[in-house]
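Undergrad: File name run04.txt; file contents compact mmCIF, C-alpha atoms and all ligand atoms; full text below.
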```txt
# COMPACT_ATOMS: atom_id res chain seq x y z
CA MET A 1 128.82 27.73 157.25
CA LEU A 2 132.21 29.34 156.81
CA GLU A 3 134.66 28.24 154.21
CA THR A 4 137.68 26.66 155.82
CA SER A 5 141.11 27.88 154.90
CA LEU A 6 142.42 24.37 154.30
CA PRO A 7 144.88 24.26 151.44
CA GLU A 8 144.08 23.26 147.90
CA THR A 9 144.16 19.53 147.51
CA HIS A 10 145.98 19.26 144.20
CA LEU A 11 148.42 16.74 145.63
CA GLU A 12 145.83 14.60 147.31
CA GLY A 13 145.84 11.20 145.78
CA ARG A 14 149.60 11.38 145.27
CA ALA A 15 150.42 7.71 144.95
CA ASP A 16 153.40 5.38 145.21
CA VAL A 17 154.72 6.90 148.40
CA ASN A 18 157.12 4.69 150.29
CA CYS A 19 155.58 3.28 153.49
CA PRO A 20 158.06 3.47 156.38
CA SER A 21 156.27 0.68 158.25
CA CYS A 22 155.97 -2.21 155.76
CA GLU A 23 158.50 -0.55 153.44
CA LYS A 24 156.42 -1.12 150.30
CA THR A 25 155.53 1.66 147.91
CA GLU A 26 151.79 1.34 148.20
CA ALA A 27 150.97 4.43 150.19
CA ARG A 28 149.00 7.40 148.90
CA VAL A 29 148.31 10.87 150.24
CA PHE A 30 144.71 11.40 151.42
CA LEU A 31 144.81 14.71 153.26
CA GLU A 32 146.94 17.82 153.15
CA LEU A 33 146.74 20.17 156.08
CA GLY A 34 149.35 22.68 155.00
CA GLN A 35 151.74 24.48 157.31
CA VAL A 36 151.44 23.92 161.05
CA PRO A 37 153.75 24.71 164.01
CA THR A 38 156.42 22.02 164.18
CA ASN A 39 156.05 21.71 167.93
CA SER A 40 152.69 22.01 169.65
CA MET A 41 154.10 21.43 173.13
CA VAL A 42 156.87 23.98 173.07
CA LEU A 43 156.59 26.81 175.58
CA LEU A 44 157.33 30.28 174.31
CA ASP A 45 158.00 33.28 176.52
CA THR A 46 156.43 35.92 174.28
CA LYS A 47 153.54 36.11 171.86
CA GLU A 48 155.90 37.26 169.10
CA GLN A 49 158.07 34.17 169.50
CA ALA A 50 154.96 31.97 169.51
CA VAL A 51 153.46 33.46 166.35
CA SER A 52 156.72 33.28 164.41
CA TYR A 53 157.48 29.72 165.55
CA PRO A 54 158.70 27.50 162.65
CA LYS A 55 156.11 25.62 160.64
CA GLY A 56 156.25 22.38 158.71
CA THR A 57 154.05 20.58 156.18
CA LEU A 58 151.46 18.23 157.62
CA THR A 59 150.25 15.67 155.12
CA LEU A 60 148.60 12.31 155.77
CA ALA A 61 149.24 9.22 153.68
CA PHE A 62 147.69 5.77 153.97
CA CYS A 63 149.40 2.49 153.09
CA ASP A 64 147.15 0.15 151.13
CA SER A 65 149.39 -2.76 152.07
CA CYS A 66 149.67 -2.54 155.88
CA GLY A 67 147.20 0.20 156.87
CA PHE A 68 149.82 2.50 158.36
CA ILE A 69 149.06 6.24 158.32
CA PHE A 70 151.91 8.76 158.33
CA ASN A 71 153.16 12.18 157.32
CA PRO A 72 155.42 11.67 154.27
CA ASP A 73 156.47 15.34 154.48
CA PHE A 74 157.65 15.06 158.09
CA ASP A 75 161.11 16.52 158.69
CA PRO A 76 162.60 15.32 162.00
CA ASP A 77 165.13 18.15 161.93
CA LEU A 78 162.29 20.61 162.46
CA VAL A 79 161.31 19.06 165.80
CA ASP A 80 163.52 19.88 168.73
CA TYR A 81 162.60 17.77 171.73
CA SER A 82 165.37 19.10 173.92
CA GLN A 83 164.13 22.67 174.03
CA SER A 84 161.41 23.48 176.55
CA TYR A 85 159.45 20.40 175.61
CA GLU A 86 156.86 19.98 178.29
CA SER A 87 155.03 16.70 177.78
CA SER A 88 154.30 15.71 181.35
CA GLN A 89 150.65 14.94 182.00
CA ALA A 90 151.48 14.01 185.57
CA PHE A 91 149.53 16.96 186.95
CA SER A 92 146.23 15.29 186.22
CA PRO A 93 144.93 12.84 188.87
CA ARG A 94 142.98 10.97 186.17
CA PHE A 95 146.15 10.41 184.12
CA ASN A 96 148.21 9.46 187.20
CA GLU A 97 145.60 6.90 188.18
CA PHE A 98 145.93 5.29 184.76
CA ALA A 99 149.75 5.26 184.83
CA ALA A 100 149.78 3.77 188.33
CA ARG A 101 147.33 1.03 187.38
CA LEU A 102 149.23 0.27 184.19
CA ALA A 103 152.55 0.01 186.10
CA LYS A 104 150.95 -2.39 188.55
CA ASP A 105 149.36 -4.49 185.80
CA LEU A 106 152.68 -4.75 183.96
CA ALA A 107 154.58 -5.60 187.17
CA ASP A 108 152.04 -8.33 188.01
CA GLU A 109 151.96 -9.80 184.53
CA TYR A 110 155.73 -9.83 184.03
CA ASN A 111 156.91 -10.35 187.64
CA LEU A 112 158.98 -7.19 187.60
CA GLU A 113 159.99 -7.27 191.27
CA GLY A 114 163.79 -7.18 191.54
CA LYS A 115 164.17 -6.77 187.76
CA THR A 116 165.81 -4.24 185.44
CA CYS A 117 163.33 -2.15 183.45
CA VAL A 118 164.29 0.04 180.53
CA GLU A 119 161.96 2.71 179.20
CA ILE A 120 162.54 4.21 175.75
CA GLY A 121 161.34 7.83 175.56
CA CYS A 122 160.92 8.20 179.31
CA GLY A 123 160.52 12.02 179.33
CA GLY A 124 160.84 13.26 182.89
CA GLY A 125 160.67 9.72 184.27
CA ASP A 126 157.11 9.86 185.64
CA PHE A 127 156.16 6.39 184.45
CA LEU A 128 159.48 4.85 185.39
CA GLN A 129 158.82 6.09 188.89
CA GLN A 130 155.45 4.34 188.90
CA VAL A 131 157.19 1.14 187.82
CA GLU A 132 159.80 1.66 190.53
CA LEU A 133 157.05 1.66 193.14
CA GLN A 134 156.37 -1.93 192.09
CA GLY A 135 159.69 -3.04 193.58
CA ILE A 136 161.96 -3.23 190.55
CA ALA A 137 165.73 -3.35 191.17
CA LYS A 138 166.69 -0.84 188.50
CA GLY A 139 164.92 1.52 186.13
CA ILE A 140 166.76 3.11 183.23
CA GLY A 141 165.24 5.76 181.00
CA VAL A 142 166.63 6.50 177.53
CA ASP A 143 165.43 9.78 176.03
CA PRO A 144 167.13 12.65 174.15
CA ALA A 145 165.25 15.03 176.45
CA ALA A 146 166.12 13.16 179.66
CA ASP A 147 168.28 14.82 182.25
CA PRO A 148 171.09 12.49 183.35
CA ASP A 149 171.29 14.30 186.69
CA HIS A 150 167.56 14.04 187.18
CA ARG A 151 166.58 12.84 190.62
CA VAL A 152 162.98 11.84 191.01
CA GLU A 153 161.30 12.97 194.21
CA ASN A 154 160.46 10.11 196.60
CA SER A 155 162.52 7.74 194.47
CA THR A 156 164.74 5.19 196.16
CA GLN A 157 167.35 6.26 193.61
CA ASN A 158 167.14 3.08 191.60
CA LEU A 159 166.43 5.20 188.56
CA SER A 160 168.92 6.52 186.05
CA PHE A 161 168.59 8.45 182.80
CA ILE A 162 170.53 8.39 179.56
CA ARG A 163 170.25 11.44 177.33
CA GLU A 164 170.34 9.72 173.94
CA PHE A 165 168.10 8.44 171.18
CA PHE A 166 167.51 4.72 171.69
CA ASP A 167 169.86 2.52 169.68
CA GLU A 168 170.78 -1.11 169.32
CA LYS A 169 173.73 -0.59 171.69
CA HIS A 170 171.33 0.04 174.58
CA GLY A 171 170.80 -3.72 174.61
CA GLU A 172 173.86 -3.73 176.87
CA LEU A 173 171.62 -2.36 179.61
CA ASN A 174 170.31 -5.95 179.78
CA PRO A 175 166.66 -5.22 180.41
CA ASP A 176 164.33 -7.83 181.86
CA PHE A 177 161.49 -5.68 180.60
CA LEU A 178 161.40 -3.03 177.90
CA CYS A 179 158.69 -0.42 177.57
CA CYS A 180 158.08 2.54 175.31
CA ARG A 181 155.09 4.81 175.83
CA HIS A 182 153.90 7.60 173.54
CA THR A 183 157.09 7.68 171.53
CA LEU A 184 156.55 5.50 168.44
CA GLU A 185 154.04 8.03 167.05
CA HIS A 186 156.96 10.51 166.89
CA VAL A 187 159.19 8.16 164.90
CA PRO A 188 159.23 8.75 161.10
CA ASP A 189 160.76 5.35 160.27
CA PRO A 190 158.98 2.91 162.60
CA ALA A 191 160.19 -0.25 160.82
CA ASN A 192 163.77 0.80 161.31
CA PHE A 193 163.10 1.77 164.92
CA VAL A 194 161.32 -1.46 165.88
CA ARG A 195 164.11 -3.37 164.13
CA LYS A 196 166.65 -1.62 166.39
CA VAL A 197 164.60 -2.55 169.43
CA ARG A 198 164.47 -6.18 168.28
CA ARG A 199 168.22 -6.31 167.60
CA SER A 200 169.01 -4.77 170.98
CA LEU A 201 167.34 -7.74 172.65
CA GLY A 202 169.59 -10.33 171.00
CA GLU A 203 168.69 -13.97 171.35
CA ASP A 204 166.68 -13.80 174.55
CA SER A 205 163.10 -14.47 173.54
CA SER A 206 161.79 -14.22 177.10
CA ILE A 207 162.02 -10.43 177.46
CA PRO A 208 158.55 -8.86 177.53
CA VAL A 209 158.17 -5.73 175.43
CA PHE A 210 155.41 -3.17 175.88
CA PHE A 211 154.52 -0.26 173.58
CA GLU A 212 151.79 2.35 173.91
CA VAL A 213 150.58 4.93 171.35
CA PRO A 214 147.33 6.83 170.72
CA ASP A 215 144.79 4.70 168.86
CA THR A 216 144.16 6.10 165.40
CA LEU A 217 140.91 4.32 164.62
CA ARG A 218 139.17 6.58 167.14
CA VAL A 219 140.82 9.65 165.57
CA LEU A 220 139.51 8.58 162.14
CA LYS A 221 136.00 7.75 163.31
CA GLU A 222 135.57 10.93 165.36
CA ALA A 223 137.54 13.09 162.90
CA ALA A 224 139.44 14.24 165.99
CA PHE A 225 141.48 16.88 164.14
CA TRP A 226 143.07 18.08 167.40
CA ASP A 227 144.81 14.70 167.63
CA VAL A 228 146.63 15.25 164.34
CA TYR A 229 149.70 17.46 164.72
CA TYR A 230 153.20 17.84 163.41
CA GLU A 231 155.17 15.86 166.00
CA HIS A 232 152.90 12.90 165.45
CA CYS A 233 154.18 11.57 162.16
CA ALA A 234 153.05 7.94 162.71
CA TYR A 235 149.45 6.80 163.26
CA PHE A 236 148.70 3.20 164.24
CA THR A 237 145.61 1.06 164.65
CA PRO A 238 145.79 -2.24 166.60
CA GLU A 239 146.20 -4.28 163.41
CA SER A 240 148.75 -2.09 161.66
CA MET A 241 150.86 -1.92 164.81
CA ALA A 242 150.69 -5.69 165.38
CA ALA A 243 151.66 -6.23 161.72
CA LEU A 244 154.77 -4.07 162.17
CA PHE A 245 155.96 -5.90 165.29
CA GLU A 246 155.39 -9.32 163.73
CA GLN A 247 157.23 -8.22 160.62
CA GLU A 248 160.22 -7.11 162.72
CA GLY A 249 160.64 -10.32 164.70
CA PHE A 250 158.25 -10.22 167.63
CA THR A 251 155.74 -12.87 168.58
CA ASP A 252 152.83 -13.39 171.00
CA VAL A 253 151.67 -9.95 169.94
CA ARG A 254 148.62 -8.83 171.87
CA THR A 255 146.91 -5.43 171.57
CA GLU A 256 144.30 -3.78 173.75
CA LEU A 257 142.72 -0.34 174.17
CA ASP A 258 142.77 1.58 177.46
CA PHE A 259 142.27 5.08 178.89
CA ASP A 260 138.70 5.23 177.60
CA ASP A 261 139.87 3.45 174.44
CA GLN A 262 142.13 6.39 173.54
CA TYR A 263 145.40 4.51 173.96
CA LEU A 264 146.58 1.47 172.08
CA LEU A 265 148.67 -0.94 174.14
CA LEU A 266 150.82 -3.64 172.57
CA HIS A 267 152.52 -6.52 174.37
CA CYS A 268 154.95 -8.90 172.69
CA ARG A 269 158.24 -10.72 173.03
CA PRO A 270 161.07 -11.40 170.61
CA THR A 271 160.67 -14.42 168.39
CA GLN A 272 163.55 -16.82 167.99
CA GLY A 273 162.62 -17.92 164.52
CA GLY A 274 162.11 -15.83 161.43
CA THR A 275 159.53 -13.15 161.03
CA VAL A 276 155.85 -13.73 160.52
CA VAL A 277 154.48 -11.83 157.59
CA GLY A 278 150.75 -11.35 157.55
CA GLY A 279 148.65 -12.94 154.83
CA THR A 280 145.44 -11.34 153.62
CA ARG A 281 144.87 -8.18 155.53
CA ALA A 282 141.11 -7.69 155.62
CA TYR A 283 141.48 -4.91 158.17
CA VAL A 284 143.30 -2.76 155.61
CA ARG A 285 140.17 -2.65 153.44
CA GLN A 286 138.02 -1.57 156.38
CA LEU A 287 140.58 1.03 157.37
CA ALA A 288 140.71 2.32 153.78
CA ALA A 289 136.96 3.00 153.99
CA GLU A 290 137.47 5.03 157.20
CA VAL A 291 140.30 6.94 155.56
CA GLU A 292 138.08 7.76 152.55
CA GLU A 293 135.51 9.37 154.84
CA PHE A 294 138.02 11.12 157.06
CA SER A 295 138.94 14.02 154.75
CA ASP A 296 135.31 15.01 154.37
CA LYS A 297 134.51 14.59 158.05
CA TYR A 298 137.64 16.54 158.95
CA ARG A 299 136.68 19.55 156.85
CA LYS A 300 133.09 19.58 158.13
CA HIS A 301 134.23 19.27 161.71
CA VAL A 302 136.73 22.12 161.43
CA ALA A 303 134.17 24.32 159.67
CA GLY A 304 131.58 23.51 162.37
CA TRP A 305 133.90 24.67 165.16
CA SER A 306 134.85 27.74 163.19
CA GLU A 307 131.18 28.68 162.96
CA PHE A 308 130.71 27.94 166.67
CA LEU A 309 133.48 30.35 167.65
CA SER A 310 132.17 33.08 165.33
CA GLU A 311 128.71 32.77 166.81
CA ALA A 312 130.03 32.88 170.37
CA LYS A 313 131.91 36.06 169.45
CA ARG A 314 128.78 37.63 167.94
CA GLU A 315 126.92 36.89 171.15
CA GLY A 316 129.72 38.43 173.18
CA LYS A 317 130.63 35.16 174.86
CA ARG A 318 134.08 34.48 176.21
CA VAL A 319 135.44 31.08 175.16
CA VAL A 320 138.46 29.33 176.66
CA VAL A 321 140.09 26.04 175.78
CA TRP A 322 141.06 23.81 178.70
CA GLY A 323 144.21 21.81 178.00
CA GLY A 324 147.48 23.42 176.89
CA GLY A 325 148.93 20.17 175.59
CA SER A 326 149.17 19.22 171.95
CA LYS A 327 145.42 18.75 171.59
CA GLY A 328 144.55 22.28 172.74
CA VAL A 329 147.27 23.86 170.64
CA ALA A 330 146.36 21.77 167.56
CA PHE A 331 142.69 22.70 168.07
CA VAL A 332 143.19 26.47 168.00
CA ASN A 333 145.70 26.19 165.17
CA SER A 334 143.45 24.03 162.96
CA ILE A 335 140.35 26.19 163.07
CA PRO A 336 139.99 29.30 160.93
CA GLY A 337 139.05 31.82 163.63
CA GLY A 338 140.90 29.89 166.34
CA GLU A 339 142.11 33.26 167.60
CA LEU A 340 138.56 33.90 168.84
CA VAL A 341 139.40 31.64 171.77
CA ASP A 342 140.42 33.97 174.62
CA PHE A 343 142.87 31.82 176.55
CA ILE A 344 144.15 28.30 176.90
CA VAL A 345 143.92 27.01 180.46
CA ASP A 346 146.30 24.44 181.90
CA ILE A 347 146.81 23.10 185.41
CA ASN A 348 150.53 22.51 184.84
CA PRO A 349 152.35 25.51 186.41
CA ALA A 350 155.26 25.05 183.97
CA LYS A 351 152.95 26.00 181.08
CA GLN A 352 151.31 28.98 182.69
CA ASP A 353 152.11 32.47 181.38
CA LYS A 354 153.70 30.92 178.32
CA PHE A 355 152.43 31.17 174.74
CA ALA A 356 151.19 28.50 172.33
CA ALA A 357 153.14 28.08 169.09
CA GLY A 358 151.26 29.26 165.99
CA THR A 359 148.28 31.26 167.24
CA GLY A 360 150.22 32.72 170.16
CA HIS A 361 147.47 32.10 172.74
CA ARG A 362 148.45 32.86 176.31
CA ILE A 363 148.28 29.84 178.61
CA VAL A 364 146.90 30.62 182.03
CA GLY A 365 146.26 28.69 185.23
CA PRO A 366 142.67 28.02 186.36
CA GLU A 367 142.99 30.74 189.03
CA SER A 368 143.20 33.41 186.33
CA LEU A 369 139.63 32.58 185.31
CA ARG A 370 138.34 34.22 188.49
CA GLU A 371 139.22 37.66 187.11
CA THR A 372 137.64 37.11 183.71
CA PRO A 373 135.18 34.20 184.01
CA PRO A 374 134.53 32.41 180.71
CA ASP A 375 131.05 31.70 179.34
CA ILE A 376 132.13 28.54 177.53
CA VAL A 377 134.92 26.12 178.46
CA LEU A 378 135.98 23.77 175.67
CA ILE A 379 137.52 20.58 177.03
CA MET A 380 140.02 18.85 174.81
CA ASN A 381 139.57 15.42 176.32
CA PRO A 382 136.20 14.22 177.70
CA ILE A 383 138.05 11.98 180.12
CA TYR A 384 138.92 15.07 182.19
CA GLU A 385 135.40 16.54 182.18
CA GLU A 386 134.58 15.60 185.76
CA GLU A 387 137.93 16.81 187.07
CA ILE A 388 137.61 20.16 185.28
CA GLY A 389 133.93 20.57 186.16
CA LYS A 390 134.80 20.19 189.83
CA THR A 391 137.66 22.73 189.64
CA LEU A 392 135.30 25.29 188.05
CA GLU A 393 132.56 24.58 190.57
CA ASP A 394 134.99 25.04 193.46
CA MET A 395 135.91 28.44 192.05
CA GLY A 396 132.26 29.41 191.69
CA ILE A 397 132.47 29.65 187.90
CA HIS A 398 129.29 28.59 186.14
CA ALA A 399 130.38 28.26 182.54
CA GLU A 400 128.97 25.97 179.88
CA ILE A 401 131.33 23.00 179.56
CA ARG A 402 131.68 21.39 176.17
CA SER A 403 133.89 18.48 175.23
CA VAL A 404 135.21 18.72 171.70
ZN ZN B 501 152.76 -0.15 154.77
```
Could you write out this structure as structure tokens?
TA:
Amino acid sequence: MLETSLPETHLEGRADVNCPSCEKTEARVFLELGQVPTNSMVLLDTKEQAVSYPKGTLTLAFCDSCGFIFNPDFDPDLVDYSQSYESSQAFSPRFNEFAARLAKDLADEYNLEGKTCVEIGCGGGDFLQQVELQGIAKGIGVDPAADPDHRVENSTQNLSFIREFFDEKHGELNPDFLCCRHTLEHVPDPANFVRKVRRSLGEDSSIPVFFEVPDTLRVLKEAAFWDVYYEHCAYFTPESMAALFEQEGFTDVRTELDFDDQYLLLHCRPTQGGTVVGGTRAYVRQLAAEVEEFSDKYRKHVAGWSEFLSEAKREGKRVVVWGGGSKGVAFVNSIPGGELVDFIVDINPAKQDKFAAGTGHRIVGPESLRETPPDIVLIMNPIYEEEIGKTLEDMGIHAEIRSV
């Protein structure tokens, strides 16, 4: 087995780090992953630009008080969400199906017909459009990367976009429902952020609030190293996320897992009284045990894939990674020998013929595989295996498909 090029771990165990979720100083560093590209979704026009893309320090710390996992070395100034940030997953039918079902479930549960819905971190407005289909009166997206002149195709024009970071003042939008999907994991000071959300809602304790993030327990258990990347500075499990919302003045907190248990969904509403602070947190001890094993599992997993790519190369096999999102880019960047992957494939035309930050892999559309058929296709998310298998079959490509 190859040695991995992971950095020396002299700082591992660094203790007394301030936890930005419970705001106690009981966090400690448990894994240092060194320098990684500060944006795994950015699209670069040339290989040179991609290879020289800025890097930042990725470190993971665990809070022994609330179970929150975060990157204490995260520098928000290094992440530029306004520049060519392509996060839309709306090209995948499997993902669209999930978003449509979720929008319907939320509309049914919270009677959203005729209501005003605000989405924090709305991106291009894909989800807001799904919610709009449920008959809301108004949908407002707040996102520093949103385009205020954005008009969504097939929309009845009840949607509007504000190009700003969410702040307390956005309470004046008077939402009947507030949602925030896949944003909190990008926020370095979640307590402060959730506090702003709570303050924006004022005294009205009837407003339902919905948050969605990746579930970290799965990442820990599977040592899914491709799910750990620079932009994700905050890692929640159901319990640590619920603890944060209760601490910041929300009640009726309910969490569930969806999208093959990959996503963590949290429902709550503002409390009128004071905050509820958790008592004994047994889950933190269980989580601490997972964290202990993670570093070891992580290194073995990375080394295993490194060996796999070397062997494929020795046998003259062509390997491609399917999925030019953060997972695919984090995967090739984390593995010593990641450059042995020939291409990254993505169905999103906006990503095609661009280059991945760090390794500088070219991203191609599936059609390009006809010219140079791969022997092995590595799939970054097993949930898309059927979809990808069918695309390859339709093109007459008989490659070995492997989910990472
Ligand atoms: Zn904490």
Undergrad: Could you tell me how far atom CA of A:Phe74 sits from atom CA of A:Val194, in Å to one decimal place?
TA: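 Interatomic distance here is 18.6 Å.
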Undergrad: Within 10 Å of (158.7, 29.7, 159.0), all atoms listed in the file: residues as a PyMOL selection string?
TA: chain A and resi 35-38+51-56
Undergrad: Distance limit 12 Å, reference ligand ZN 501 (chain B), atoms considered: all atoms listed in the file. Which residues make the cut? Give them as a PyMOL selection string.
TA: chain A and resi 16-28+61-70+189-191+234-236+239-241+243-244+247+278+281+284
Undergrad: Provide the atom CA of A:Phe250 to atom CA of A:Pro270 distance in Å, to one decimal place.
TA: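 Value for the atom CA of A:Phe250-atom CA of A:Pro270 distance: 4.3 Å.
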Undergrad: For a quick check of understanding, using all atoms listed in the file, which of A:Ala107, A:Leu128, A:Ile140, A:Val228 has the smallest distance to A:Pro208?
TA: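 Using all atoms listed in the file, A:Pro208 sits closest to A:Ala107.
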Undergrad: Just to confirm, what's the straight-line distance from atom CA of A:Glu97 to atom CA of A:Glu231 in Å (one decimal)?
TA: 25.8 Å
Undergrad: Do you know which residues lie at most 10 Å from (142.0, 15.8, 163.9), with coordinates as in the file and all atoms listed in the file counted, and could you write them as number ranges by chain?
TA: A: 219-220, 222-229, 294-295, 297-299, 301-302, 327, 330-331, 334
Undergrad: Taking 3 positions as the minimum chain separation for residues in the same chain, which residues sit within 9 Å of A:Val213 when counting only C-alpha atoms? Answer as a list of chain:residue names.
TA: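 Here the qualifying residues turn out to be A:Cys180, A:Arg181, A:His182, A:Thr183, A:Leu184, A:Glu185, A:Thr216, A:Tyr235, A:Phe236, A:Gln262, A:Tyr263, A:Leu264, A:Leu265, A:Leu266.
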Undergrad: Might you pull out every residue within 9 Å of A:Asp73, with all atoms listed in the file counted and same-chain residues fewer than 2 positions away left off, and present them as an MDAnalysis selection string?
TA: chainID A and resid 56:60 70:71 75 233
Undergrad: Each residue of stretch 308-376 of chain A with at least one atom at most 10 Å from stretch 383-394 of chain A should appear once, together with its nearest atom pair and the corresponding distance in Å (one decimal); atoms considered: all atoms listed in the file; ordering: chain, then increasing residue number; output as a tab-separated table.
TA:
```
residue	atom	partner	partner_atom	distance
A:Trp322	CA	A:Ile388	CA	8.3
A:Gly323	CA	A:Tyr384	CA	9.5
A:Ile347	CA	A:Ile388	CA	9.7
A:Pro366	CA	A:Thr391	CA	8.0
A:Glu367	CA	A:Leu392	CA	9.5
A:Leu369	CA	A:Leu392	CA	8.9
A:Arg370	CA	A:Leu392	CA	9.4
A:Pro373	CA	A:Leu392	CA	9.8
```
Undergrad: Generate a file of the selected residues that holds C-alpha atoms, formatted as a PDB file, in the coordinates of the input.
TA:
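Written out: selection_34.pdb:
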```pdb
ATOM      1  CA  TRP A 322     141.060  23.810 178.700  1.00  0.00           C
ATOM      2  CA  GLY A 323     144.210  21.810 178.000  1.00  0.00           C
ATOM      3  CA  ILE A 347     146.810  23.100 185.410  1.00  0.00           C
ATOM      4  CA  PRO A 366     142.670  28.020 186.360  1.00  0.00           C
ATOM      5  CA  GLU A 367     142.990  30.740 189.030  1.00  0.00           C
ATOM      6  CA  LEU A 369     139.630  32.580 185.310  1.00  0.00           C
ATOM      7  CA  ARG A 370     138.340  34.220 188.490  1.00  0.00           C
ATOM      8  CA  PRO A 373     135.180  34.200 184.010  1.00  0.00           C
TER       9      PRO A 373
END
```
Undergrad: Using only C-alpha atoms, determine which residues lie at most 9 Å from stretch 141-146 of chain A, disregarding the query and same-chain residues fewer than 2 positions distant; provide the list as an NGL selection string.
TA: :A and (81-83 or 85 or 117-125 or 128 or 139 or 148-150 or 159-166 or 170)
Undergrad: Within 10 Å of stretch 305-312 of chain A, counting all atoms listed in the file, which residues qualify if same-chain residues fewer than 5 places away don't, as number ranges by chain?
TA: A: 1-4, 300, 317-319, 331-332, 334-341, 375-376, 404
Undergrad: Would you please work out which residue, of A:Val187, A:Leu102, A:Leu178, A:Leu44, is nearest to A:His232 when using all atoms listed in the file?
TA: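 Among A:Val187, A:Leu102, A:Leu178, A:Leu44, it is A:Val187 that comes nearest to A:His232.
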Undergrad: Pick from A:Ala15, A:Val291, A:Val329, A:Met395: nearest to A:Arg218, with all atoms listed in the file counted?
TA: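 Among the listed residues, the smallest separation from A:Arg218 belongs to A:Val291.
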Undergrad: Give, as JSON, the centre coordinates and the x, y and z edge lengths in Å to one decimal for an axis-aligned box around all listed atoms of stretch 360-378 of chain A, padded by 3 Å on each side.
TA:
```
{"center_x": 140.6, "center_y": 30.7, "center_z": 179.6, "size_x": 25.2, "size_y": 19.9, "size_z": 24.9}
```
Undergrad: Can you pull out every residue within 12 Å of A:Gly202, counting all atoms listed in the file, but drop anything in the same chain fewer than 2 positions away, and send it as a PyMOL selection string?
TA: chain A and resi 168-175+195-200+204-207+249-250+269-272
Undergrad: Please produce an output containing C-alpha atoms for each residue in the selection, written as a JSON list (two decimals), in the frame of the given file.
TA:
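Written file, result_5.json:
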```json
[["chain", "number", "residue", "atom", "x", "y", "z"],
["A", 168, "GLU", "CA", 170.78, -1.11, 169.32],
["A", 169, "LYS", "CA", 173.73, -0.59, 171.69],
["A", 170, "HIS", "CA", 171.33, 0.04, 174.58],
["A", 171, "GLY", "CA", 170.80, -3.72, 174.61],
["A", 172, "GLU", "CA", 173.86, -3.73, 176.87],
["A", 173, "LEU", "CA", 171.62, -2.36, 179.61],
["A", 174, "ASN", "CA", 170.31, -5.95, 179.78],
["A", 175, "PRO", "CA", 166.66, -5.22, 180.41],
["A", 195, "ARG", "CA", 164.11, -3.37, 164.13],
["A", 196, "LYS", "CA", 166.65, -1.62, 166.39],
["A", 197, "VAL", "CA", 164.60, -2.55, 169.43],
["A", 198, "ARG", "CA", 164.47, -6.18, 168.28],
["A", 199, "ARG", "CA", 168.22, -6.31, 167.60],
["A", 200, "SER", "CA", 169.01, -4.77, 170.98],
["A", 204, "ASP", "CA", 166.68, -13.80, 174.55],
["A", 205, "SER", "CA", 163.10, -14.47, 173.54],
["A", 206, "SER", "CA", 161.79, -14.22, 177.10],
["A", 207, "ILE", "CA", 162.02, -10.43, 177.46],
["A", 249, "GLY", "CA", 160.64, -10.32, 164.70],
["A", 250, "PHE", "CA", 158.25, -10.22, 167.63],
["A", 269, "ARG", "CA", 158.24, -10.72, 173.03],
["A", 270, "PRO", "CA", 161.07, -11.40, 170.61],
["A", 271, "THR", "CA", 160.67, -14.42, 168.39],
["A", 272, "GLN", "CA", 163.55, -16.82, 167.99]]
```
Undergrad: When you count all atoms listed in the file, which of these residues is closest to A:His361: A:Arg402, A:Arg314, A:Lys47, A:Lys115?
TA: A:Lys47
Undergrad: Considering all atoms listed in the file, can you say which of A:Phe245, A:Glu256, A:Lys221, A:Gly135 comes closest to A:Asp296?
TA: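 Once distances to A:Asp296 are computed over all atoms listed in the file, the minimum belongs to A:Lys221.
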